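This is my_file_13.cif. It holds mmCIF, C-alpha atoms.
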```
data_my_file
#
loop_
_atom_site.label_atom_id
_atom_site.label_comp_id
_atom_site.auth_asym_id
_atom_site.auth_seq_id
_atom_site.Cartn_x
_atom_site.Cartn_y
_atom_site.Cartn_z
CA MET A 1 156.20 139.98 -55.36
CA ASN A 2 157.33 137.74 -58.21
CA ARG A 3 160.97 138.39 -57.36
CA ILE A 4 160.35 137.42 -53.74
CA ILE A 5 158.70 134.18 -54.86
CA ASN A 6 161.65 133.54 -57.21
CA VAL A 7 164.03 133.75 -54.24
CA THR A 8 161.83 131.28 -52.37
CA ARG A 9 161.90 128.93 -55.36
CA LEU A 10 165.68 129.29 -55.48
CA HIS A 11 165.93 128.12 -51.87
CA MET A 12 163.59 125.23 -52.54
CA ASN A 13 165.68 124.09 -55.50
CA LYS A 14 167.40 121.65 -53.13
CA ILE A 15 164.20 119.71 -52.65
CA GLY A 16 166.07 116.77 -51.14
CA SER A 17 167.30 118.84 -48.21
CA PHE A 18 163.96 120.60 -47.87
CA VAL A 19 161.78 117.48 -47.84
CA THR A 20 163.87 114.36 -47.30
CA VAL A 21 166.41 115.24 -44.60
CA PRO A 22 163.81 116.03 -41.88
CA ILE A 23 162.13 112.68 -42.63
CA VAL A 24 165.46 110.86 -42.34
CA ILE A 25 166.25 112.57 -39.03
CA LEU A 26 162.83 111.73 -37.61
CA ALA A 27 163.20 108.12 -38.79
CA LEU A 28 166.54 107.82 -36.99
CA VAL A 29 164.99 109.28 -33.83
CA MET A 30 162.19 106.75 -34.17
CA VAL A 31 164.59 103.80 -34.45
CA ILE A 32 166.70 104.97 -31.52
CA SER A 33 163.58 105.57 -29.39
CA ILE A 34 162.26 102.09 -30.20
CA VAL A 35 165.57 100.46 -29.22
CA ILE A 36 165.74 102.40 -25.95
CA ALA A 37 162.08 101.73 -25.13
CA LEU A 38 162.43 97.99 -25.74
CA ALA A 39 165.57 97.90 -23.62
CA ILE A 40 163.75 99.65 -20.76
CA GLN A 41 160.77 97.31 -21.10
CA ARG A 42 163.01 94.26 -20.92
CA ALA A 43 164.83 95.67 -17.90
CA THR A 44 161.64 96.58 -16.00
CA GLY A 45 159.51 93.66 -17.13
CA GLY A 46 156.68 95.66 -18.70
CA ALA A 47 155.44 98.87 -20.31
CA GLY A 48 152.03 99.45 -18.83
CA GLY A 49 152.77 101.14 -15.54
CA ALA A 50 152.25 104.84 -14.88
CA GLU A 51 155.90 105.20 -13.91
CA TYR A 52 157.00 103.83 -17.27
CA VAL A 53 154.64 106.14 -19.20
CA ASP A 54 155.83 109.17 -17.24
CA GLY A 55 159.45 108.31 -17.94
CA ALA A 56 158.77 107.54 -21.62
CA ARG A 57 157.11 110.91 -22.08
CA GLN A 58 160.36 112.57 -21.03
CA ASN A 59 161.82 111.55 -24.39
CA GLY A 60 163.21 114.69 -26.03
CA GLY A 61 164.83 113.04 -29.02
CA VAL A 62 162.81 114.96 -31.61
CA VAL A 63 163.41 118.27 -29.84
CA TRP A 64 167.19 117.86 -29.77
CA SER A 65 167.73 116.10 -33.12
CA LEU A 66 166.38 118.68 -35.59
CA PRO A 67 167.91 122.03 -34.47
CA GLY A 68 171.44 121.24 -35.66
CA PHE A 69 170.31 120.58 -39.23
CA LEU A 70 167.87 123.49 -39.20
CA VAL A 71 170.42 126.06 -38.02
CA TYR A 72 172.90 124.79 -40.61
CA TYR A 73 170.20 124.99 -43.28
CA GLY A 74 169.44 128.57 -42.24
CA VAL A 75 173.13 129.52 -42.39
CA GLN A 76 173.74 128.10 -45.86
CA ALA A 77 170.45 129.53 -47.16
CA VAL A 78 171.93 132.99 -46.65
CA ALA A 79 175.68 132.45 -46.92
CA THR A 80 175.70 130.40 -50.14
CA THR A 81 172.55 131.55 -51.95
CA TYR A 82 172.93 135.30 -51.36
CA PRO A 83 175.72 135.99 -53.91
CA PHE A 84 174.00 133.94 -56.61
CA ALA A 85 170.64 135.60 -55.99
CA LEU A 86 172.09 139.11 -56.24
CA THR A 87 173.94 138.30 -59.46
CA LEU A 88 170.53 137.40 -60.91
CA GLY A 89 169.24 140.89 -60.08
CA THR A 90 167.52 140.27 -56.76
CA THR A 91 167.61 143.13 -54.26
CA ARG A 92 168.74 142.56 -50.69
CA ARG A 93 165.24 143.34 -49.44
CA ASN A 94 163.62 140.82 -51.75
CA PHE A 95 166.26 138.23 -50.87
CA ILE A 96 165.51 138.53 -47.14
CA LEU A 97 161.74 138.42 -47.70
CA GLY A 98 162.03 135.46 -50.07
CA THR A 99 164.28 133.64 -47.61
CA MET A 100 161.81 134.26 -44.79
CA LEU A 101 158.96 132.92 -46.94
CA SER A 102 161.02 129.79 -47.65
CA ASN A 103 161.63 129.38 -43.91
CA VAL A 104 157.91 129.73 -43.19
CA LEU A 105 157.09 127.05 -45.77
CA GLN A 106 159.66 124.66 -44.34
CA ALA A 107 158.45 125.31 -40.79
CA ALA A 108 154.86 124.59 -41.89
CA TYR A 109 155.96 121.42 -43.70
CA ILE A 110 157.84 120.02 -40.71
CA ALA A 111 155.05 120.99 -38.31
CA LEU A 112 152.52 119.17 -40.52
CA LEU A 113 154.85 116.16 -40.71
CA LEU A 114 155.09 116.05 -36.91
CA VAL A 115 151.31 116.24 -36.49
CA LEU A 116 150.79 113.42 -39.00
CA LEU A 117 153.32 111.24 -37.20
CA LEU A 118 151.64 112.03 -33.88
CA GLY A 119 148.33 110.88 -35.35
CA ILE A 120 149.92 107.59 -36.41
CA GLU A 121 151.57 107.22 -33.01
CA LEU A 122 148.27 107.65 -31.17
CA ALA A 123 146.31 105.48 -33.62
CA THR A 124 148.78 102.60 -33.25
CA ASP A 125 148.92 102.85 -29.45
CA HIS A 126 152.42 104.29 -29.64
CA TRP A 127 153.78 102.26 -32.55
CA PHE A 128 152.39 98.98 -31.17
CA MET A 129 155.25 98.90 -28.67
CA SER A 130 154.50 101.67 -26.15
CA VAL A 131 157.17 103.85 -27.75
CA TYR A 132 156.67 107.56 -27.02
CA VAL A 133 158.31 109.73 -29.68
CA LEU A 134 155.93 112.66 -30.24
CA ASP A 135 153.43 112.09 -27.43
CA VAL A 136 155.88 113.64 -24.98
CA TYR A 137 155.73 116.46 -22.45
CA LEU A 138 157.99 118.85 -24.38
CA LEU A 139 155.68 118.68 -27.40
CA GLY A 140 152.31 118.93 -25.67
CA ALA A 141 151.77 115.36 -24.41
CA GLY A 142 149.64 114.32 -27.37
CA ASP A 143 147.90 117.66 -28.07
CA PRO A 144 148.18 118.17 -31.87
CA TRP A 145 147.61 121.94 -31.65
CA VAL A 146 150.42 122.40 -29.15
CA LEU A 147 152.66 120.19 -31.27
CA ALA A 148 151.82 122.13 -34.44
CA VAL A 149 152.56 125.54 -32.89
CA THR A 150 155.66 124.29 -31.09
CA GLY A 151 156.99 122.62 -34.22
CA PHE A 152 156.28 125.61 -36.46
CA LEU A 153 157.82 128.22 -34.14
CA GLY A 154 160.72 125.96 -33.19
CA VAL A 155 161.67 125.28 -36.81
CA LEU A 156 161.21 128.92 -37.84
CA PHE A 157 163.31 130.02 -34.85
CA CYS A 158 166.21 127.72 -35.78
CA LEU A 159 166.13 128.67 -39.46
CA THR A 160 166.01 132.39 -38.66
CA ILE A 161 168.87 132.18 -36.17
CA GLY A 162 170.89 130.28 -38.76
CA GLY A 163 170.14 132.99 -41.32
CA PHE A 164 171.13 135.64 -38.79
CA PHE A 165 174.59 134.09 -38.31
CA GLY A 166 174.87 133.56 -42.07
CA ALA A 167 174.23 137.27 -42.62
CA ILE A 168 176.83 138.18 -39.99
CA TRP A 169 179.34 135.94 -41.79
CA VAL A 170 178.56 137.51 -45.17
CA ARG A 171 178.88 141.03 -43.75
CA PHE A 172 181.88 140.71 -41.39
CA GLY A 173 183.68 137.56 -42.49
CA ALA A 174 184.67 134.46 -40.53
CA LYS A 175 185.31 136.33 -37.28
CA GLY A 176 181.86 137.92 -37.26
CA PRO A 177 179.81 134.91 -36.04
CA ALA A 178 182.43 134.07 -33.40
CA ILE A 179 182.42 137.60 -32.00
CA VAL A 180 178.63 137.95 -32.11
CA GLY A 181 178.11 134.48 -30.61
CA SER A 182 180.57 135.26 -27.81
CA ALA A 183 178.84 138.58 -27.12
CA ILE A 184 175.42 136.91 -26.94
CA GLY A 185 176.82 134.20 -24.67
CA LEU A 186 178.34 136.85 -22.39
CA VAL A 187 175.04 138.75 -22.14
CA LEU A 188 173.17 135.56 -21.30
CA ALA A 189 175.78 134.63 -18.70
CA VAL A 190 175.49 138.05 -17.05
CA LEU A 191 171.69 137.80 -17.00
CA LEU A 192 171.95 134.32 -15.49
CA LEU A 193 174.27 135.67 -12.79
CA VAL A 194 171.98 138.61 -12.01
CA PHE A 195 168.81 136.54 -11.79
CA ALA A 196 170.37 133.41 -10.25
CA PRO A 197 168.61 133.80 -6.85
CA GLN A 198 165.19 134.04 -8.52
CA LEU A 199 165.95 131.50 -11.25
CA PRO A 200 163.85 128.61 -9.82
CA GLU A 201 160.77 130.84 -9.47
CA ILE A 202 161.31 132.30 -12.95
CA VAL A 203 161.64 128.88 -14.56
CA MET A 204 158.58 127.52 -12.74
CA GLY A 205 156.54 130.54 -13.84
CA ILE A 206 157.33 130.24 -17.54
CA THR A 207 154.39 129.05 -19.64
CA ARG A 208 154.19 127.77 -23.20
CA ALA A 209 152.73 131.14 -24.20
CA ASP A 210 155.78 132.89 -22.74
CA ILE A 211 158.11 130.62 -24.71
CA ALA A 212 156.13 131.22 -27.90
CA LEU A 213 156.21 134.99 -27.38
CA GLY A 214 159.95 134.88 -26.68
CA ALA A 215 160.53 132.88 -29.87
CA ILE A 216 158.49 135.36 -31.94
CA VAL A 217 160.33 138.37 -30.49
CA THR A 218 163.70 136.69 -31.11
CA ILE A 219 162.72 135.86 -34.71
CA VAL A 220 161.72 139.48 -35.39
CA LEU A 221 164.91 140.86 -33.82
CA ALA A 222 167.05 138.39 -35.77
CA LEU A 223 165.34 139.45 -39.02
CA VAL A 224 165.93 143.13 -38.26
CA VAL A 225 169.63 142.54 -37.57
CA THR A 226 169.86 140.35 -40.67
CA TRP A 227 168.43 143.18 -42.74
CA PHE A 228 170.87 145.77 -41.40
CA ALA A 229 173.82 143.39 -41.76
CA MET A 230 173.02 142.58 -45.38
CA ARG A 231 172.32 146.15 -46.47
CA ARG A 232 176.08 146.70 -46.69
CA ALA A 233 177.20 143.12 -47.27
CA ALA A 234 179.49 142.67 -50.26
CA VAL A 235 178.68 140.14 -52.95
CA ARG A 236 181.45 137.53 -52.70
#
```
I'd like the structure from this file rewritten - as structure tokens, please.
Amino acid sequence: MNRIINVTRLHMNKIGSFVTVPIVILALVMVISIVIALAIQRATGGAGGAEYVDGARQNGGVVWSLPGFLVYYGVQAVATTYPFALTLGTTRRNFILGTMLSNVLQAAYIALLLVLLLGIELATDHWFMSVYVLDVYLLGAGDPWVLAVTGFLGVLFCLTIGGFFGAIWVRFGAKGPAIVGSAIGLVLAVLLLVFAPQLPEIVMGITRADIALGAIVTIVLALVVTWFAMRRAAVR
């Protein structure tokens, strides 16, 4: 257990990336959202109407701003830390478990950060300017429990997928992620083609619970593939 925790501590050595970068990204989203909201308010002459609130709650800035960094962070957590960790005597099993624990901690941290910001947003009547950043439909429309679960699973999903592609790169080289990514894209395209006639009904029938379950299943599968890929990965 101590070796697993040591791997987690190794990942968290870059405390700036772990703690600061998500705050910076959220701050940029906040600034951009404020500018856009004020522009809309000036154009429409107000911010109190139901139509404005409905449109403002469509803001998906937070949802689309974090995944890029998180996937990258997941990739480098495996691709760059793996050789160093093994030279220090860590087993592949302990490295994967320690990396997963680090991902869980970061997911919990970002989820807590989002909930705290939502509390401030609601307490200040949406930042004193009717700016909707976290009180949006994609994140539960102001429900802190939905936001916490969505944030935690979303962050953990991105980090795990990043680690998955990092493991593929370590095992098969530069062509590995391209081939695997293309294969996954092809499978998704075929499924989309097969279910295209029923797609509207399928989309309308999807619930938040279904999305959460799908994320959990994908995380588990990605971890299993990561384990098998790294069992034979060379230390570069």
Please evaluate the PyMOL selection byres ((chain A and resi 3-16) around 9) against the structure above and give the resulting residues as an NGL selection string. :A and (1-2 or 17-21 or 77 or 81 or 85 or 90-91 or 93-103)
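This file, filtered with the PyMOL selection byres ((chain A and resi 76) around 12), gives the residues A:His11, A:Lys14, A:Ser17, A:Phe69, A:Leu70, A:Val71, A:Tyr72, A:Tyr73, A:Gly74, A:Val75, A:Ala77, A:Val78, A:Ala79, A:Thr80, A:Thr81, A:Tyr82, A:Pro83, A:Thr99, A:Leu159, A:Thr160, A:Ile161, A:Gly162, A:Gly163, A:Phe164, A:Phe165, A:Gly166, A:Ala167, A:Trp169, A:Val170.
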When the PyMOL selection byres ((chain A and resi 231) around 10) is applied to the structure above, which residues does it catch, written out as an NGL selection string? :A and (91-93 or 167 or 171 or 225-230 or 232-234)
Could you name the residues that touch A:Gly151 at 10 Å or less, counting only C-alpha atoms, but leaving out those on the same chain fewer than 6 positions away, as a VMD selection string? chain A and resid 62 to 63 107 to 115 139 145 157
Restrict the selected residues to C-alpha atoms and save them as a JSON list (two decimals), keeping the file's coordinate frame.
```
[["chain", "number", "residue", "atom", "x", "y", "z"],
["A", 62, "VAL", "CA", 162.81, 114.96, -31.61],
["A", 63, "VAL", "CA", 163.41, 118.27, -29.84],
["A", 107, "ALA", "CA", 158.45, 125.31, -40.79],
["A", 108, "ALA", "CA", 154.86, 124.59, -41.89],
["A", 109, "TYR", "CA", 155.96, 121.42, -43.70],
["A", 110, "ILE", "CA", 157.84, 120.02, -40.71],
["A", 111, "ALA", "CA", 155.05, 120.99, -38.31],
["A", 112, "LEU", "CA", 152.52, 119.17, -40.52],
["A", 113, "LEU", "CA", 154.85, 116.16, -40.71],
["A", 114, "LEU", "CA", 155.09, 116.05, -36.91],
["A", 115, "VAL", "CA", 151.31, 116.24, -36.49],
["A", 139, "LEU", "CA", 155.68, 118.68, -27.40],
["A", 145, "TRP", "CA", 147.61, 121.94, -31.65],
["A", 157, "PHE", "CA", 163.31, 130.02, -34.85]]
```
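From atom CA of A:Leu156 back to atom CA of A:Gly181, the distance works out to 19.2 Å.
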Rounded to one decimal, what separation in Å do you get between atom CA of A:Asp135 and atom CA of A:Ala56? 9.1 Å
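For the atom pair formed by atom CA of A:Leu223 and atom CA of A:Leu88, the distance is 22.6 Å, given to one decimal.
Shortest separation to A:Tyr137 among A:Val203, A:Ile25, A:Val190, A:Val53 occurs at residue A:Val53, atoms counted being only C-alpha atoms.
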Axis-aligned box for all listed atoms of stretch 205-211 of chain A, 8 Å per side, centre and edges in Å to one decimal, as JSON:
```
{"center_x": 155.4, "center_y": 130.3, "center_z": -19.3, "size_x": 21.4, "size_y": 21.1, "size_z": 26.9}
```
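For the choices A:Ile23, A:Ala141, A:Val187, A:Val149, the atom-to-atom distance to A:Asp54 is smallest for A:Ala141 when using all atoms listed in the file.
Proximity of A:Gly119, A:Met30, A:Phe152, A:Lys175 to A:Val104, computed with only C-alpha atoms, is greatest for A:Phe152.
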(158.9, 128.2, -24.2) in this file's frame - what residues fall within 12 Å of it? Use all atoms listed in the file and give the answer as a short mmCIF file (atom, residue, chain, number, x, y, z; two decimals) with C-alpha atoms, keeping the file's coordinate frame.
```
data_model
loop_
_atom_site.label_atom_id
_atom_site.label_comp_id
_atom_site.auth_asym_id
_atom_site.auth_seq_id
_atom_site.Cartn_x
_atom_site.Cartn_y
_atom_site.Cartn_z
CA LEU A 138 157.99 118.85 -24.38
CA LEU A 139 155.68 118.68 -27.40
CA GLY A 140 152.31 118.93 -25.67
CA VAL A 146 150.42 122.40 -29.15
CA VAL A 149 152.56 125.54 -32.89
CA THR A 150 155.66 124.29 -31.09
CA GLY A 151 156.99 122.62 -34.22
CA LEU A 153 157.82 128.22 -34.14
CA GLY A 154 160.72 125.96 -33.19
CA PHE A 157 163.31 130.02 -34.85
CA VAL A 203 161.64 128.88 -14.56
CA MET A 204 158.58 127.52 -12.74
CA GLY A 205 156.54 130.54 -13.84
CA ILE A 206 157.33 130.24 -17.54
CA THR A 207 154.39 129.05 -19.64
CA ARG A 208 154.19 127.77 -23.20
CA ALA A 209 152.73 131.14 -24.20
CA ASP A 210 155.78 132.89 -22.74
CA ILE A 211 158.11 130.62 -24.71
CA ALA A 212 156.13 131.22 -27.90
CA LEU A 213 156.21 134.99 -27.38
CA GLY A 214 159.95 134.88 -26.68
CA ALA A 215 160.53 132.88 -29.87
CA ILE A 216 158.49 135.36 -31.94
CA THR A 218 163.70 136.69 -31.11
#
```
